[in-house]
Amino acid sequence: MQRSNIFRLMICLAITGLISPSLTLRAADKDAAMKKDFAIVIHGGTLGSTVDEARQLEKAVVLKKALLLGTKMLDEGKSSLLTVEAVIRVLEDSPEFNAGKGAVFNSAGGHELDASIMDGRTRAAGAVGGVSTVKNPISLARLEMTETRHVLLVTDGAEKFADGFDETRGISRVPNEYFATDYQRASWKKAVASEAEAEKGKTSNKIDARGTVGCVALDRAGNIAAGTSTGGLTNKKYGRIGDSPIISAGTYADNRTCGVSCTGTGEDFIRHAVSYDISARMRLLNQPLEQAVHTVLHDPEQLVRGGVIAVSRTGEITMQFNSPGMNRAAGDSTGYREVQVGP
Ligand code: ASP
């Protein structure tokens, strides 16, 4: 008898008073009972010490649009992989976020973008780092996963790989200035000045709002996918690559456990293999998703500054952070929808 049928039988017996459900529901049955047909969670980066309220409202509008698209695609039976890519493209095309258009400036006054995507069904993954002319890095990461035997391509090699595709495969090329916005130029100037002050020991160097984007989805077929895209950290050194294109650090997906996308100080997430650690805690220690994420974000022996979104194989969603806030949105097959910009 199938697990779902056994579960139905138990419920019938329980309703008719023949047995007590608490005695008969085994963990696997509980899993089947709680399982959502689909679930999606999106982040738009952590918040720093100062918040621009008008900009936060704009971010909420875009997150809502991305959530609508994602829930519609999953409801129609589209794959989690397709959905994650489509949702991240919306966020990359929105100047409010630090991914694609609106990416932060690096120390050389230009933009270098990182992105990755992972398929929880096969644990295939693709990532690109330090790209400078690809409008939607998440689509190049996806092609990197499906069209090569590699996981990560960076800078000139990634650009050369992009030359093999055109708009019909989701790859449009733009001049590097396309990514610039006045907002990010002003943030860069402020960061340069504050780093100079910090070096002279006059002030401490504050980390401010960022706006990396990520998405994790579970589809009707039970497949999980996760993706992350970013311009990195304001005034980062030329050539610096963060956690977002590093599988196991900023992004991870495994149908046996969960999908994860991270945001925050990338170096912390790389050092502690944060997204893989969350999945490994579930697989090896049997920790529930919520607890696994909480543990890695609050371990006194490892500094991890930022936030995590994740979806488990049963469609449980978590959105946690130890920063002042995180922009986020979530929805699932029960009709639950949530958009939050702030704490
Ligand atoms: N984690 C990203 C990086 O370090 C930045 C962010 O999420 O805000 O590149």
# chains A, B, ... in the order shown; residues from 1 in each chain; ligands from 1
>>> closest_atom_pairs(of="chain A", to="ligand 1", cutoff="6 Å", atoms="only C-alpha atoms and all ligand atoms", output="tab-separated table")
residue	atom	partner	partner_atom_place_in_ligand_line	distance
A:Gly45	CA	ligand 1	8 (O)	5.5
A:Arg210	CA	ligand 1	8 (O)	4.5
A:Gly211	CA	ligand 1	8 (O)	5.6
A:Thr212	CA	ligand 1	7 (O)	4.6
A:Gly232	CA	ligand 1	9 (O)	3.3
A:Leu233	CA	ligand 1	9 (O)	5.3
A:Gly242	CA	ligand 1	9 (O)	3.9
A:Asp243	CA	ligand 1	1 (N)	5.5
A:Ser244	CA	ligand 1	1 (N)	5.7
A:Thr263	CA	ligand 1	7 (O)	3.3
A:Gly264	CA	ligand 1	7 (O)	3.9
A:Thr265	CA	ligand 1	4 (O)	4.6
A:Gly266	CA	ligand 1	4 (O)	3.1
>>> residues_around(residues="A:Ile42", least_positions_apart="3", cutoff="8 Å", atoms="only C-alpha atoms", output="PyMOL selection string")
chain A and resi 63+67+213-216+309+328-330
>>> closest_residue(among="A:Ala249, A:Ala39, A:Ala310, A:Leu303", to="A:Ser333", atoms="only C-alpha atoms")
A:Ala39
>>> select_by_dssp(residues="stretch 253-308 of chain A", states="strand (DSSP E or B)", output="number ranges by chain")
A: 253, 258-264, 306-308
>>> write_last_selection(atoms="all heavy atoms", output="mmCIF file, in the first residue's frame")
data_model
loop_
_atom_site.group_PDB
_atom_site.id
_atom_site.type_symbol
_atom_site.label_atom_id
_atom_site.label_comp_id
_atom_site.auth_asym_id
_atom_site.auth_seq_id
_atom_site.Cartn_x
_atom_site.Cartn_y
_atom_site.Cartn_z
ATOM 1 N N ALA A 253 21.358 22.883 -3.223
ATOM 2 C CA ALA A 253 20.038 22.238 -3.353
ATOM 3 C C ALA A 253 20.227 20.730 -3.403
ATOM 4 O O ALA A 253 21.095 20.227 -4.114
ATOM 5 C CB ALA A 253 19.332 22.720 -4.614
ATOM 6 N N CYS A 258 16.981 19.930 1.336
ATOM 7 C CA CYS A 258 16.450 21.282 1.178
ATOM 8 C C CYS A 258 17.193 22.038 0.069
ATOM 9 O O CYS A 258 18.170 21.543 -0.474
ATOM 10 C CB CYS A 258 16.632 22.054 2.488
ATOM 11 S SG CYS A 258 18.365 22.286 2.929
ATOM 12 N N GLY A 259 16.714 23.240 -0.214
ATOM 13 C CA GLY A 259 17.438 24.174 -1.075
ATOM 14 C C GLY A 259 17.725 25.415 -0.254
ATOM 15 O O GLY A 259 16.925 25.793 0.612
ATOM 16 N N VAL A 260 18.863 26.067 -0.522
ATOM 17 C CA VAL A 260 19.291 27.210 0.295
ATOM 18 C C VAL A 260 19.878 28.311 -0.589
ATOM 19 O O VAL A 260 20.627 28.028 -1.528
ATOM 20 C CB VAL A 260 20.401 26.769 1.297
ATOM 21 C CG1 VAL A 260 20.834 27.923 2.186
ATOM 22 C CG2 VAL A 260 19.954 25.590 2.148
ATOM 23 N N SER A 261 19.559 29.565 -0.278
ATOM 24 C CA SER A 261 20.263 30.705 -0.888
ATOM 25 C C SER A 261 20.608 31.683 0.227
ATOM 26 O O SER A 261 19.780 31.973 1.093
ATOM 27 C CB SER A 261 19.388 31.386 -1.944
ATOM 28 O OG SER A 261 19.993 32.603 -2.343
ATOM 29 N N CYS A 262 21.836 32.195 0.204
ATOM 30 C CA CYS A 262 22.316 33.053 1.298
ATOM 31 C C CYS A 262 22.575 34.477 0.838
ATOM 32 O O CYS A 262 22.788 34.736 -0.347
ATOM 33 C CB CYS A 262 23.621 32.492 1.861
ATOM 34 S SG CYS A 262 23.499 30.789 2.393
ATOM 35 N N THR A 263 22.631 35.380 1.805
ATOM 36 C CA THR A 263 23.025 36.764 1.534
ATOM 37 C C THR A 263 23.715 37.337 2.763
ATOM 38 O O THR A 263 23.364 36.982 3.888
ATOM 39 C CB THR A 263 21.805 37.633 1.139
ATOM 40 O OG1 THR A 263 22.241 38.976 0.947
ATOM 41 C CG2 THR A 263 20.690 37.606 2.189
ATOM 42 N N GLY A 264 24.690 38.199 2.530
ATOM 43 C CA GLY A 264 25.430 38.779 3.655
ATOM 44 C C GLY A 264 26.902 38.876 3.309
ATOM 45 O O GLY A 264 27.267 38.961 2.133
ATOM 46 N N GLY A 306 24.599 37.766 8.124
ATOM 47 C CA GLY A 306 23.677 37.854 6.993
ATOM 48 C C GLY A 306 22.411 37.071 7.189
ATOM 49 O O GLY A 306 21.919 36.929 8.310
ATOM 50 N N GLY A 307 21.880 36.546 6.085
ATOM 51 C CA GLY A 307 20.594 35.851 6.143
ATOM 52 C C GLY A 307 20.551 34.656 5.208
ATOM 53 O O GLY A 307 21.392 34.508 4.316
ATOM 54 N N VAL A 308 19.543 33.820 5.457
ATOM 55 C CA VAL A 308 19.387 32.567 4.711
ATOM 56 C C VAL A 308 17.909 32.380 4.383
ATOM 57 O O VAL A 308 17.052 32.597 5.248
ATOM 58 C CB VAL A 308 19.860 31.377 5.600
ATOM 59 C CG1 VAL A 308 19.439 30.049 4.998
ATOM 60 C CG2 VAL A 308 21.374 31.416 5.805
#
>>> closest_residue(among="A:Ala226, A:Met319, A:Val341, A:Val174", to="A:Asp52", atoms="only C-alpha atoms")
A:Val341
>>> residues_around(residues="stretch 280-285 of chain A", least_positions_apart="5", cutoff="8 Å", atoms="only C-alpha atoms", output="list of chain:residue names")
A:Arg256, A:Thr257, A:Ala292
>>> write_last_selection(atoms="N, CA, C and O atoms", output="mmCIF file, in the first residue's frame")
data_model
loop_
_atom_site.group_PDB
_atom_site.id
_atom_site.type_symbol
_atom_site.label_atom_id
_atom_site.label_comp_id
_atom_site.auth_asym_id
_atom_site.auth_seq_id
_atom_site.Cartn_x
_atom_site.Cartn_y
_atom_site.Cartn_z
ATOM 1 N N ARG A 256 16.999 15.487 -1.216
ATOM 2 C CA ARG A 256 16.881 14.683 0.006
ATOM 3 C C ARG A 256 16.675 15.552 1.245
ATOM 4 O O ARG A 256 16.252 15.075 2.285
ATOM 5 N N THR A 257 17.053 16.845 1.126
ATOM 6 C CA THR A 257 17.012 17.700 2.315
ATOM 7 C C THR A 257 16.294 19.022 2.053
ATOM 8 O O THR A 257 15.148 19.205 2.441
ATOM 9 N N ALA A 292 18.314 23.769 11.719
ATOM 10 C CA ALA A 292 19.595 23.723 11.016
ATOM 11 C C ALA A 292 20.039 25.144 10.629
ATOM 12 O O ALA A 292 21.193 25.530 10.822
#
>>> select_by_dssp(residues="stretch 224-342 of chain A", states="alpha helix (DSSP H)", output="MDAnalysis selection string")
chainID A and resid 266:271 274:285 289:297
>>> closest_residue(among="A:Glu96, A:Glu301, A:Glu290, A:Glu338", to="A:Asp182", atoms="only C-alpha atoms")
A:Glu96
>>> residues_around(residues="A:Lys36", least_positions_apart="6", cutoff="9 Å", atoms="only C-alpha atoms", output="number ranges by chain")
A: 218, 220, 313-316, 332-334
>>> write_last_selection(atoms="N, CA, C and O atoms", output="compact mmCIF listing (two decimals), in the first residue's frame")
# COMPACT_ATOMS: atom_id res chain seq x y z
N LEU A 218 10.38 24.53 -4.57
CA LEU A 218 10.04 23.10 -4.62
C LEU A 218 8.87 22.98 -5.59
O LEU A 218 7.86 23.68 -5.43
N ARG A 220 5.95 20.76 -8.17
CA ARG A 220 4.94 19.71 -7.99
C ARG A 220 5.53 18.30 -8.16
O ARG A 220 4.96 17.34 -7.67
N ARG A 313 12.30 19.55 1.69
CA ARG A 313 11.70 18.67 0.69
C ARG A 313 10.20 18.51 0.89
O ARG A 313 9.49 18.08 -0.01
N THR A 314 9.70 18.90 2.08
CA THR A 314 8.25 18.84 2.29
C THR A 314 7.59 20.21 2.06
O THR A 314 6.40 20.36 2.28
N GLY A 315 8.38 21.18 1.67
CA GLY A 315 7.82 22.50 1.37
C GLY A 315 7.80 23.44 2.56
O GLY A 315 7.18 24.51 2.51
N GLU A 316 8.50 23.07 3.62
CA GLU A 316 8.61 23.99 4.76
C GLU A 316 9.52 25.14 4.33
O GLU A 316 10.57 24.90 3.69
N ASP A 332 3.20 29.35 -1.03
CA ASP A 332 3.13 27.91 -1.27
C ASP A 332 1.76 27.50 -1.77
O ASP A 332 0.87 28.35 -1.97
N SER A 333 1.58 26.19 -1.97
CA SER A 333 0.36 25.67 -2.59
C SER A 333 -0.87 25.79 -1.70
O SER A 333 -1.99 25.59 -2.15
N THR A 334 -0.70 26.15 -0.40
CA THR A 334 -1.87 26.31 0.47
C THR A 334 -2.50 27.70 0.30
O THR A 334 -3.53 27.99 0.89
>>> closest_residue(among="A:Asp254, A:Asp93, A:Asp219, A:Glu159", to="A:Ile40", atoms="only C-alpha atoms")
A:Asp219
>>> residues_around(residues="A:Ile171", least_positions_apart="3", cutoff="8 Å", atoms="only C-alpha atoms", output="list of chain:residue names")
A:Val134, A:Lys135, A:Asn136, A:Ser139, A:Leu140, A:Ala162, A:Phe165, A:Asp166, A:Glu167, A:Thr168
>>> write_last_selection(atoms="all heavy atoms", output="mmCIF file, in the first residue's frame")
data_model
loop_
_atom_site.group_PDB
_atom_site.id
_atom_site.type_symbol
_atom_site.label_atom_id
_atom_site.label_comp_id
_atom_site.auth_asym_id
_atom_site.auth_seq_id
_atom_site.Cartn_x
_atom_site.Cartn_y
_atom_site.Cartn_z
ATOM 1 N N VAL A 134 27.279 40.488 -19.174
ATOM 2 C CA VAL A 134 26.123 39.583 -19.321
ATOM 3 C C VAL A 134 24.955 40.155 -18.519
ATOM 4 O O VAL A 134 25.044 40.308 -17.301
ATOM 5 C CB VAL A 134 26.483 38.160 -18.833
ATOM 6 C CG1 VAL A 134 25.281 37.238 -18.930
ATOM 7 C CG2 VAL A 134 27.665 37.622 -19.639
ATOM 8 N N LYS A 135 23.875 40.487 -19.241
ATOM 9 C CA LYS A 135 22.743 41.181 -18.603
ATOM 10 C C LYS A 135 22.127 40.335 -17.492
ATOM 11 O O LYS A 135 21.752 40.853 -16.446
ATOM 12 C CB LYS A 135 21.705 41.500 -19.682
ATOM 13 C CG LYS A 135 20.541 42.323 -19.221
ATOM 14 C CD LYS A 135 19.731 42.798 -20.434
ATOM 15 C CE LYS A 135 18.479 43.527 -20.010
ATOM 16 N NZ LYS A 135 17.273 42.716 -20.132
ATOM 17 N N ASN A 136 21.991 39.029 -17.729
ATOM 18 C CA ASN A 136 21.372 38.139 -16.736
ATOM 19 C C ASN A 136 22.315 36.982 -16.376
ATOM 20 O O ASN A 136 22.217 35.877 -16.929
ATOM 21 C CB ASN A 136 20.048 37.590 -17.271
ATOM 22 C CG ASN A 136 19.015 38.681 -17.440
ATOM 23 O OD1 ASN A 136 18.725 39.119 -18.551
ATOM 24 N ND2 ASN A 136 18.487 39.174 -16.342
ATOM 25 N N SER A 139 21.162 33.261 -15.998
ATOM 26 C CA SER A 139 20.918 32.423 -17.175
ATOM 27 C C SER A 139 22.229 31.846 -17.701
ATOM 28 O O SER A 139 22.260 30.718 -18.207
ATOM 29 C CB SER A 139 20.210 33.229 -18.269
ATOM 30 O OG SER A 139 18.924 33.571 -17.807
ATOM 31 N N LEU A 140 23.321 32.599 -17.560
ATOM 32 C CA LEU A 140 24.622 32.067 -17.975
ATOM 33 C C LEU A 140 25.038 30.929 -17.028
ATOM 34 O O LEU A 140 25.578 29.912 -17.475
ATOM 35 C CB LEU A 140 25.681 33.175 -17.983
ATOM 36 C CG LEU A 140 27.004 32.799 -18.656
ATOM 37 C CD1 LEU A 140 26.809 32.453 -20.129
ATOM 38 C CD2 LEU A 140 28.047 33.913 -18.507
ATOM 39 N N ALA A 162 29.873 32.955 -22.825
ATOM 40 C CA ALA A 162 28.630 33.680 -23.152
ATOM 41 C C ALA A 162 28.557 34.007 -24.642
ATOM 42 O O ALA A 162 27.454 34.082 -25.217
ATOM 43 C CB ALA A 162 28.543 34.960 -22.323
ATOM 44 N N PHE A 165 26.210 32.107 -27.072
ATOM 45 C CA PHE A 165 24.748 32.127 -26.948
ATOM 46 C C PHE A 165 24.203 33.505 -27.306
ATOM 47 O O PHE A 165 24.925 34.476 -27.302
ATOM 48 C CB PHE A 165 24.333 31.776 -25.510
ATOM 49 C CG PHE A 165 24.889 30.457 -25.061
ATOM 50 C CD1 PHE A 165 26.053 30.404 -24.309
ATOM 51 C CD2 PHE A 165 24.268 29.267 -25.413
ATOM 52 C CE1 PHE A 165 26.585 29.186 -23.906
ATOM 53 C CE2 PHE A 165 24.791 28.049 -25.027
ATOM 54 C CZ PHE A 165 25.951 28.006 -24.271
ATOM 55 N N ASP A 166 22.908 33.540 -27.591
ATOM 56 C CA ASP A 166 22.276 34.838 -27.857
ATOM 57 C C ASP A 166 20.971 34.940 -27.080
ATOM 58 O O ASP A 166 20.683 34.103 -26.214
ATOM 59 C CB ASP A 166 22.065 35.040 -29.363
ATOM 60 C CG ASP A 166 21.149 33.964 -29.938
ATOM 61 O OD1 ASP A 166 20.475 33.264 -29.149
ATOM 62 O OD2 ASP A 166 21.101 33.810 -31.166
ATOM 63 N N GLU A 167 20.171 35.952 -27.450
ATOM 64 C CA GLU A 167 18.941 36.207 -26.685
ATOM 65 C C GLU A 167 17.993 35.011 -26.673
ATOM 66 O O GLU A 167 17.227 34.842 -25.724
ATOM 67 C CB GLU A 167 18.237 37.433 -27.251
ATOM 68 C CG GLU A 167 18.866 38.700 -26.715
ATOM 69 C CD GLU A 167 18.635 39.902 -27.594
ATOM 70 O OE1 GLU A 167 17.533 40.028 -28.146
ATOM 71 O OE2 GLU A 167 19.583 40.712 -27.717
ATOM 72 N N THR A 168 18.046 34.188 -27.727
ATOM 73 C CA THR A 168 17.120 33.048 -27.759
ATOM 74 C C THR A 168 17.425 32.062 -26.631
ATOM 75 O O THR A 168 16.571 31.287 -26.235
ATOM 76 C CB THR A 168 17.199 32.291 -29.112
ATOM 77 O OG1 THR A 168 18.535 31.803 -29.267
ATOM 78 C CG2 THR A 168 16.831 33.179 -30.285
#
>>> atom_distance(atom1="atom CA of A:Gly342", atom2="atom CA of A:Phe38")
25.5 Å
